[in-house]
>>> print(open('structure-v1.pdb').read())   # PDB, C-alpha atoms
ATOM      1  CA  MET I   1       0.000   0.000   0.000
ATOM      2  CA  GLU I   2       2.827   2.426   0.856
ATOM      3  CA  ARG I   3       4.514   1.749  -2.479
ATOM      4  CA  GLU I   4       1.224   2.235  -4.345
ATOM      5  CA  LEU I   5       0.558   5.567  -2.596
ATOM      6  CA  GLY I   6       4.193   6.712  -2.764
ATOM      7  CA  VAL I   7       4.385   7.311   0.987
ATOM      8  CA  SER I   8       6.085   5.927   4.052
ATOM      9  CA  LEU I   9       3.935   5.552   7.151
ATOM     10  CA  PRO I  10       5.255   5.878  10.710
ATOM     11  CA  ARG I  11       6.388   2.548  12.179
ATOM     12  CA  ASP I  12       4.368   2.953  15.410
ATOM     13  CA  TYR I  13       1.262   3.829  13.394
ATOM     14  CA  LYS I  14       1.606   0.644  11.347
ATOM     15  CA  ARG I  15       1.976  -1.458  14.518
ATOM     16  CA  ILE I  16      -1.168   0.051  16.083
ATOM     17  CA  VAL I  17      -3.226  -0.288  12.902
ATOM     18  CA  THR I  18      -2.072  -3.877  12.404
ATOM     19  CA  GLY I  19      -2.945  -4.771  15.992
ATOM     20  CA  TYR I  20      -6.321  -3.064  16.350
ATOM     21  CA  ALA I  21      -7.845  -1.741  13.137
ATOM     22  CA  PRO I  22     -10.384  -1.449  11.729
ATOM     23  CA  VAL I  23     -11.773   0.057  14.896
ATOM     24  CA  GLN I  24     -13.649   3.029  16.285
ATOM     25  CA  VAL I  25     -12.113   4.088  19.591
ATOM     26  CA  ASN I  26     -13.982   5.920  22.360
ATOM     27  CA  VAL I  27     -16.927   6.664  20.106
ATOM     28  CA  HIS I  28     -15.168   9.228  17.858
ATOM     29  CA  LEU I  29     -11.756   8.139  16.484
ATOM     30  CA  PHE I  30     -11.513   5.834  13.444
ATOM     31  CA  LEU I  31      -8.501   3.696  12.566
ATOM     32  CA  ARG I  32      -8.669   1.793   9.290
ATOM     33  CA  ARG I  33      -6.792  -1.263   8.002
ATOM     34  CA  PRO I  34      -5.094  -1.851   4.641
ATOM     35  CA  SER I  35      -6.489  -5.353   4.097
ATOM     36  CA  ALA I  36     -10.099  -4.622   5.017
ATOM     37  CA  GLU I  37     -12.848  -5.001   2.427
ATOM     38  CA  ARG I  38     -14.666  -2.201   4.228
ATOM     39  CA  TRP I  39     -12.829   0.508   6.173
ATOM     40  CA  ASN I  40      -9.895   0.096   3.795
ATOM     41  CA  LEU I  41      -7.022   2.376   4.762
ATOM     42  CA  GLY I  42      -5.542   2.835   1.283
ATOM     43  CA  GLN I  43      -8.890   3.631  -0.318
ATOM     44  CA  TRP I  44      -9.758   6.072   2.497
ATOM     45  CA  MET I  45      -6.354   7.769   2.156
ATOM     46  CA  LYS I  46      -6.870   8.262  -1.580
ATOM     47  CA  GLU I  47     -10.409   9.606  -1.096
ATOM     48  CA  THR I  48      -9.294  11.946   1.697
ATOM     49  CA  VAL I  49      -6.328  13.277  -0.302
ATOM     50  CA  THR I  50      -8.659  13.908  -3.263
ATOM     51  CA  ALA I  51     -11.251  15.667  -1.093
ATOM     52  CA  PHE I  52      -8.701  17.907   0.623
ATOM     53  CA  THR I  53      -6.919  18.667  -2.665
ATOM     54  CA  ARG I  54     -10.218  19.844  -4.165
ATOM     55  CA  SER I  55     -11.126  21.994  -1.173
ATOM     56  CA  ASN I  56     -10.339  25.688  -1.106
ATOM     57  CA  LEU I  57      -7.577  25.905   1.499
ATOM     58  CA  THR I  58      -5.580  28.743  -0.028
ATOM     59  CA  ASP I  59      -5.780  30.793   3.184
ATOM     60  CA  ALA I  60      -5.126  27.843   5.497
ATOM     61  CA  GLN I  61      -2.298  28.123   7.980
ATOM     62  CA  CYS I  62      -0.317  24.884   7.650
ATOM     63  CA  PRO I  63       3.082  24.664   9.408
ATOM     64  CA  GLY I  64       5.810  23.769   6.935
ATOM     65  CA  PHE I  65       3.690  24.665   3.908
ATOM     66  CA  PRO I  66       3.944  28.440   3.340
ATOM     67  CA  GLU I  67       1.982  28.246   0.059
ATOM     68  CA  GLY I  68      -0.796  26.192   1.634
ATOM     69  CA  PRO I  69      -1.046  22.484   2.351
ATOM     70  CA  LEU I  70       0.023  19.837  -0.144
ATOM     71  CA  PHE I  71      -1.772  16.499   0.135
ATOM     72  CA  GLY I  72      -0.505  13.016  -0.670
ATOM     73  CA  GLY I  73       2.772  11.721  -2.004
ATOM     74  CA  PRO I  74       6.107  11.579  -0.219
ATOM     75  CA  ASP I  75       6.233  15.335   0.517
ATOM     76  CA  GLY I  76       2.577  15.984   1.299
ATOM     77  CA  LEU I  77       0.134  15.407   4.101
ATOM     78  CA  VAL I  78      -0.912  11.763   4.393
ATOM     79  CA  PRO I  79      -4.193  11.022   6.214
ATOM     80  CA  LEU I  80      -3.766   8.701   9.209
ATOM     81  CA  ALA I  81      -6.969   8.923  11.266
ATOM     82  CA  SER I  82     -10.259  10.770  11.430
ATOM     83  CA  THR I  83     -13.177  11.334  13.722
ATOM     84  CA  ASP I  84     -16.904  11.425  13.265
ATOM     85  CA  ARG I  85     -16.673  15.113  14.262
ATOM     86  CA  GLY I  86     -14.936  16.046  10.988
ATOM     87  CA  GLU I  87     -11.387  16.113  12.349
ATOM     88  CA  CYS I  88      -8.486  14.611  10.434
ATOM     89  CA  LEU I  89      -4.934  13.702  11.442
ATOM     90  CA  PHE I  90      -2.174  13.742   8.831
ATOM     91  CA  GLY I  91       1.421  12.615   8.887
ATOM     92  CA  VAL I  92       4.199  14.258   6.912
ATOM     93  CA  ALA I  93       7.884  13.492   6.500
ATOM     94  CA  ASP I  94      10.094  16.557   6.126
ATOM     95  CA  ALA I  95      12.121  16.076   2.954
ATOM     96  CA  PRO I  96      15.498  17.428   4.093
ATOM     97  CA  SER I  97      15.666  15.738   7.503
ATOM     98  CA  GLY I  98      13.236  12.829   7.182
ATOM     99  CA  ASP I  99      11.765  13.829  10.554
ATOM    100  CA  ARG I 100       8.098  13.051  10.956
ATOM    101  CA  ARG I 101       5.432  15.318  12.321
ATOM    102  CA  LEU I 102       1.688  15.256  12.637
ATOM    103  CA  LEU I 103      -0.726  17.914  11.459
ATOM    104  CA  ALA I 104      -4.339  17.934  12.576
ATOM    105  CA  CYS I 105      -7.313  19.935  11.437
ATOM    106  CA  ASN I 106     -10.780  20.434  12.726
ATOM    107  CA  GLY I 107     -13.475  20.111  10.087
ATOM    108  CA  ASP I 108     -14.871  23.528  11.061
ATOM    109  CA  GLU I 109     -11.609  25.423  10.513
ATOM    110  CA  GLN I 110      -9.045  25.716   7.745
ATOM    111  CA  ASP I 111      -5.986  25.857   9.979
ATOM    112  CA  PHE I 112      -3.724  22.919  10.702
ATOM    113  CA  HIS I 113      -2.107  22.345  14.095
ATOM    114  CA  GLU I 114       1.316  20.758  14.357
ATOM    115  CA  TYR I 115       2.317  18.015  16.787
ATOM    116  CA  ARG I 116       5.987  17.050  16.755
ATOM    117  CA  MET I 117       5.706  13.620  18.325
ATOM    118  CA  PRO I 118       5.272   9.995  17.318
ATOM    119  CA  PHE I 119       1.775   8.789  16.482
ATOM    120  CA  SER I 120       1.679   6.596  19.597
ATOM    121  CA  GLU I 121       2.313   9.618  21.838
ATOM    122  CA  TRP I 122      -0.301  11.646  19.978
ATOM    123  CA  LEU I 123      -2.801   8.797  20.506
ATOM    124  CA  TYR I 124      -1.956   8.546  24.213
ATOM    125  CA  ARG I 125      -2.509  12.275  24.649
ATOM    126  CA  TYR I 126      -5.782  12.106  22.714
ATOM    127  CA  PHE I 127      -7.011   9.343  25.058
ATOM    128  CA  SER I 128      -5.823  11.376  28.053
ATOM    129  CA  GLY I 129      -8.176  14.199  27.080
ATOM    130  CA  GLU I 130      -5.719  16.681  25.578
ATOM    131  CA  SER I 131      -6.705  18.887  22.630
ATOM    132  CA  MET I 132      -5.040  16.973  19.802
ATOM    133  CA  PHE I 133      -6.973  18.395  16.849
ATOM    134  CA  GLY I 134      -6.297  22.006  17.769
ATOM    135  CA  PRO I 135      -7.379  24.277  20.614
ATOM    136  CA  GLY I 136     -10.622  23.275  22.305
ATOM    137  CA  SER I 137     -10.841  19.875  20.613
ATOM    138  CA  ALA I 138     -10.350  17.728  23.719
ATOM    139  CA  VAL I 139     -12.610  14.750  24.281
ATOM    140  CA  PHE I 140     -12.231  12.646  27.411
ATOM    141  CA  TYR I 141     -14.176   9.577  28.399
ATOM    142  CA  PRO I 142     -13.445   8.387  31.935
ATOM    143  CA  GLY I 143     -12.748   4.720  32.504
ATOM    144  CA  PRO I 144     -11.164   2.220  30.175
ATOM    145  CA  ILE I 145     -10.784   2.855  26.458
ATOM    146  CA  LEU I 146     -13.751   1.547  24.463
ATOM    147  CA  PHE I 147     -12.987  -0.309  21.225
ATOM    148  CA  GLU I 148     -15.698  -1.055  18.675
ATOM    149  CA  SER I 149     -14.657  -3.286  15.808
ATOM    150  CA  LEU I 150     -15.578  -2.027  12.384
ATOM    151  CA  PRO I 151     -16.688  -5.061  10.359
ATOM    152  CA  MET I 152     -14.017  -5.958   7.797
ATOM    153  CA  ALA I 153     -16.673  -7.551   5.599
ATOM    154  CA  THR I 154     -20.413  -7.010   5.370
ATOM    155  CA  SER I 155     -21.063 -10.376   7.051
ATOM    156  CA  THR I 156     -18.810  -9.711  10.081
ATOM    157  CA  PRO I 157     -20.655  -8.766  13.290
ATOM    158  CA  LEU I 158     -19.754  -5.705  15.354
ATOM    159  CA  THR I 159     -17.923  -6.452  18.607
ATOM    160  CA  THR I 160     -16.892  -4.192  21.476
ATOM    161  CA  TRP I 161     -14.233  -4.553  24.161
ATOM    162  CA  TYR I 162     -12.498  -2.421  26.732
ATOM    163  CA  GLY I 163      -8.828  -1.599  27.008
ATOM    164  CA  PRO I 164      -6.912  -0.672  30.141
ATOM    165  CA  GLU I 165      -7.952   1.910  32.701
ATOM    166  CA  ARG I 166      -6.376   5.298  32.146
TER     167      ARG I 166
END
>>> encode(input="structure-v1.pdb", output="structure tokens")
Amino acid sequence: MERELGVSLPRDYKRIVTGYAPVQVNVHLFLRRPSAERWNLGQWMKETVTAFTRSNLTDAQCPGFPEGPLFGGPDGLVPLASTDRGECLFGVADAPSGDRRLLACNGDEQDFHEYRMPFSEWLYRYFSGESMFGPGSAVFYPGPILFESLPMATSTPLTTWYGPER
């Protein structure tokens, strides 16, 4: 999938997706899987890149992209996760250094917010109730993390389970 899309995904992201996806976590956050018939990560990435490329984001503030955000490919923003609230998390590898960073946007705003941390740390902070899609975006559910499987095929039933206490 990475070769087909011309991107390299963060190692910790791939481990989490392989271990848990496709899943909806704590009601809002979606993680997709490359091999799923439904909730297919590669297909969703392509559709998201196309949608964001077509949107009018010429005035968007996007750290590292002075001319406005670039989506897809090895130098652009690659979608990693989304929520049912219209938020989207992107990964990007800086060409000169190869360092990775995360950029998040809220569906109601054009601006992108930068998080210089691995995906696993971003996810931990999201579950801890920090604002990880920009200011005022925090969502915290007390108790253990709730996982809801997203059926990989139309015939697969939905299952739920709880993770560790936070």
>>> closest_residue(input="structure-v1.pdb", among="I:Pro22, I:Phe112, I:Arg11, I:Phe140", to="Arg125 (chain I)", atoms="only C-alpha atoms")
I:Phe140
>>> resolve_selection(input="structure-v1.pdb", expression="the PyMOL selection byres ((chain I and resi 98-111) around 9)", output="count of residues only")
35
>>> residues_near_point(input="structure-v1.pdb", point="(-2.6, 19.4, 2.6)", cutoff="8 Å", atoms="only C-alpha atoms", output="number ranges by chain")
I: 49, 52-53, 62, 68-72, 76-77
>>> atom_distance(input="structure-v1.pdb", atom1="CA of Phe127 (chain I)", atom2="CA of Val139 (chain I)")
7.8 Å
>>> atom_distance(input="structure-v1.pdb", atom1="CA of Gly129 (chain I)", atom2="CA of Val27 (chain I)")
13.5 Å
>>> residues_around(input="structure-v1.pdb", residues="Met45 (chain I)", least_positions_apart="4", cutoff="8 Å", atoms="all atoms listed in the file", output="number ranges by chain")
I: 41, 49, 78-80
>>> atom_distance(input="structure-v1.pdb", atom1="CA of Ala81 (chain I)", atom2="CA of Gly163 (chain I)")
19.0 Å
>>> build_atoms(input="structure-v1.pdb", residues="region 34-59 of chain I", atoms="N, CA, C and O atoms", output="JSON list (two decimals), keeping the file's coordinate frame")
[["chain", "number", "residue", "atom", "x", "y", "z"],
["I", 34, "PRO", "N", -5.35, -1.68, 6.07],
["I", 34, "PRO", "CA", -5.09, -1.85, 4.64],
["I", 34, "PRO", "C", -5.82, -3.04, 4.01],
["I", 34, "PRO", "O", -6.28, -2.94, 2.89],
["I", 35, "SER", "N", -5.94, -4.14, 4.71],
["I", 35, "SER", "CA", -6.49, -5.35, 4.10],
["I", 35, "SER", "C", -8.00, -5.49, 4.23],
["I", 35, "SER", "O", -8.56, -6.49, 3.81],
["I", 36, "ALA", "N", -8.66, -4.52, 4.79],
["I", 36, "ALA", "CA", -10.10, -4.62, 5.02],
["I", 36, "ALA", "C", -10.88, -4.40, 3.72],
["I", 36, "ALA", "O", -10.54, -3.54, 2.93],
["I", 37, "GLU", "N", -11.93, -5.20, 3.56],
["I", 37, "GLU", "CA", -12.85, -5.00, 2.43],
["I", 37, "GLU", "C", -13.56, -3.67, 2.63],
["I", 37, "GLU", "O", -13.64, -2.85, 1.73],
["I", 38, "ARG", "N", -14.06, -3.47, 3.83],
["I", 38, "ARG", "CA", -14.67, -2.20, 4.23],
["I", 38, "ARG", "C", -13.66, -1.53, 5.15],
["I", 38, "ARG", "O", -12.82, -2.18, 5.73],
["I", 39, "TRP", "N", -13.75, -0.24, 5.32],
["I", 39, "TRP", "CA", -12.83, 0.51, 6.17],
["I", 39, "TRP", "C", -11.39, 0.36, 5.69],
["I", 39, "TRP", "O", -10.46, 0.31, 6.47],
["I", 40, "ASN", "N", -11.21, 0.31, 4.38],
["I", 40, "ASN", "CA", -9.90, 0.10, 3.80],
["I", 40, "ASN", "C", -9.05, 1.36, 3.89],
["I", 40, "ASN", "O", -9.44, 2.42, 3.40],
["I", 41, "LEU", "N", -7.90, 1.24, 4.51],
["I", 41, "LEU", "CA", -7.02, 2.38, 4.76],
["I", 41, "LEU", "C", -6.54, 3.04, 3.47],
["I", 41, "LEU", "O", -6.61, 4.26, 3.33],
["I", 42, "GLY", "N", -6.05, 2.26, 2.53],
["I", 42, "GLY", "CA", -5.54, 2.84, 1.28],
["I", 42, "GLY", "C", -6.61, 3.58, 0.50],
["I", 42, "GLY", "O", -6.38, 4.69, 0.00],
["I", 43, "GLN", "N", -7.78, 2.98, 0.40],
["I", 43, "GLN", "CA", -8.89, 3.63, -0.32],
["I", 43, "GLN", "C", -9.29, 4.92, 0.39],
["I", 43, "GLN", "O", -9.50, 5.95, -0.25],
["I", 44, "TRP", "N", -9.40, 4.88, 1.73],
["I", 44, "TRP", "CA", -9.76, 6.07, 2.50],
["I", 44, "TRP", "C", -8.70, 7.16, 2.33],
["I", 44, "TRP", "O", -9.04, 8.34, 2.18],
["I", 45, "MET", "N", -7.42, 6.77, 2.34],
["I", 45, "MET", "CA", -6.35, 7.77, 2.16],
["I", 45, "MET", "C", -6.50, 8.46, 0.80],
["I", 45, "MET", "O", -6.41, 9.68, 0.72],
["I", 46, "LYS", "N", -6.71, 7.68, -0.24],
["I", 46, "LYS", "CA", -6.87, 8.26, -1.58],
["I", 46, "LYS", "C", -8.07, 9.21, -1.63],
["I", 46, "LYS", "O", -7.96, 10.31, -2.16],
["I", 47, "GLU", "N", -9.20, 8.77, -1.09],
["I", 47, "GLU", "CA", -10.41, 9.61, -1.10],
["I", 47, "GLU", "C", -10.22, 10.89, -0.29],
["I", 47, "GLU", "O", -10.66, 11.96, -0.69],
["I", 48, "THR", "N", -9.53, 10.78, 0.84],
["I", 48, "THR", "CA", -9.29, 11.95, 1.70],
["I", 48, "THR", "C", -8.34, 12.92, 1.03],
["I", 48, "THR", "O", -8.56, 14.13, 1.05],
["I", 49, "VAL", "N", -7.27, 12.41, 0.42],
["I", 49, "VAL", "CA", -6.33, 13.28, -0.30],
["I", 49, "VAL", "C", -7.07, 14.01, -1.42],
["I", 49, "VAL", "O", -6.91, 15.21, -1.60],
["I", 50, "THR", "N", -7.90, 13.29, -2.18],
["I", 50, "THR", "CA", -8.66, 13.91, -3.26],
["I", 50, "THR", "C", -9.59, 14.99, -2.73],
["I", 50, "THR", "O", -9.64, 16.10, -3.27],
["I", 51, "ALA", "N", -10.31, 14.69, -1.66],
["I", 51, "ALA", "CA", -11.25, 15.67, -1.09],
["I", 51, "ALA", "C", -10.54, 16.92, -0.60],
["I", 51, "ALA", "O", -10.97, 18.04, -0.87],
["I", 52, "PHE", "N", -9.42, 16.75, 0.11],
["I", 52, "PHE", "CA", -8.70, 17.91, 0.62],
["I", 52, "PHE", "C", -8.02, 18.68, -0.50],
["I", 52, "PHE", "O", -7.92, 19.90, -0.45],
["I", 53, "THR", "N", -7.55, 17.99, -1.52],
["I", 53, "THR", "CA", -6.92, 18.67, -2.66],
["I", 53, "THR", "C", -7.94, 19.54, -3.39],
["I", 53, "THR", "O", -7.60, 20.64, -3.84],
["I", 54, "ARG", "N", -9.16, 19.09, -3.48],
["I", 54, "ARG", "CA", -10.22, 19.84, -4.16],
["I", 54, "ARG", "C", -10.79, 20.98, -3.33],
["I", 54, "ARG", "O", -11.45, 21.86, -3.86],
["I", 55, "SER", "N", -10.56, 20.94, -2.02],
["I", 55, "SER", "CA", -11.13, 21.99, -1.17],
["I", 55, "SER", "C", -10.33, 23.29, -1.30],
["I", 55, "SER", "O", -9.18, 23.29, -1.70],
["I", 56, "ASN", "N", -10.96, 24.38, -0.98],
["I", 56, "ASN", "CA", -10.34, 25.69, -1.11],
["I", 56, "ASN", "C", -9.61, 26.03, 0.19],
["I", 56, "ASN", "O", -10.20, 26.62, 1.09],
["I", 57, "LEU", "N", -8.36, 25.66, 0.30],
["I", 57, "LEU", "CA", -7.58, 25.90, 1.50],
["I", 57, "LEU", "C", -6.44, 26.89, 1.24],
["I", 57, "LEU", "O", -5.39, 26.82, 1.87],
["I", 58, "THR", "N", -6.64, 27.81, 0.33],
["I", 58, "THR", "CA", -5.58, 28.74, -0.03],
["I", 58, "THR", "C", -5.18, 29.65, 1.13],
["I", 58, "THR", "O", -4.05, 30.10, 1.20],
["I", 59, "ASP", "N", -6.10, 29.93, 2.04],
["I", 59, "ASP", "CA", -5.78, 30.79, 3.18],
["I", 59, "ASP", "C", -5.44, 30.00, 4.44],
["I", 59, "ASP", "O", -5.26, 30.58, 5.51]]
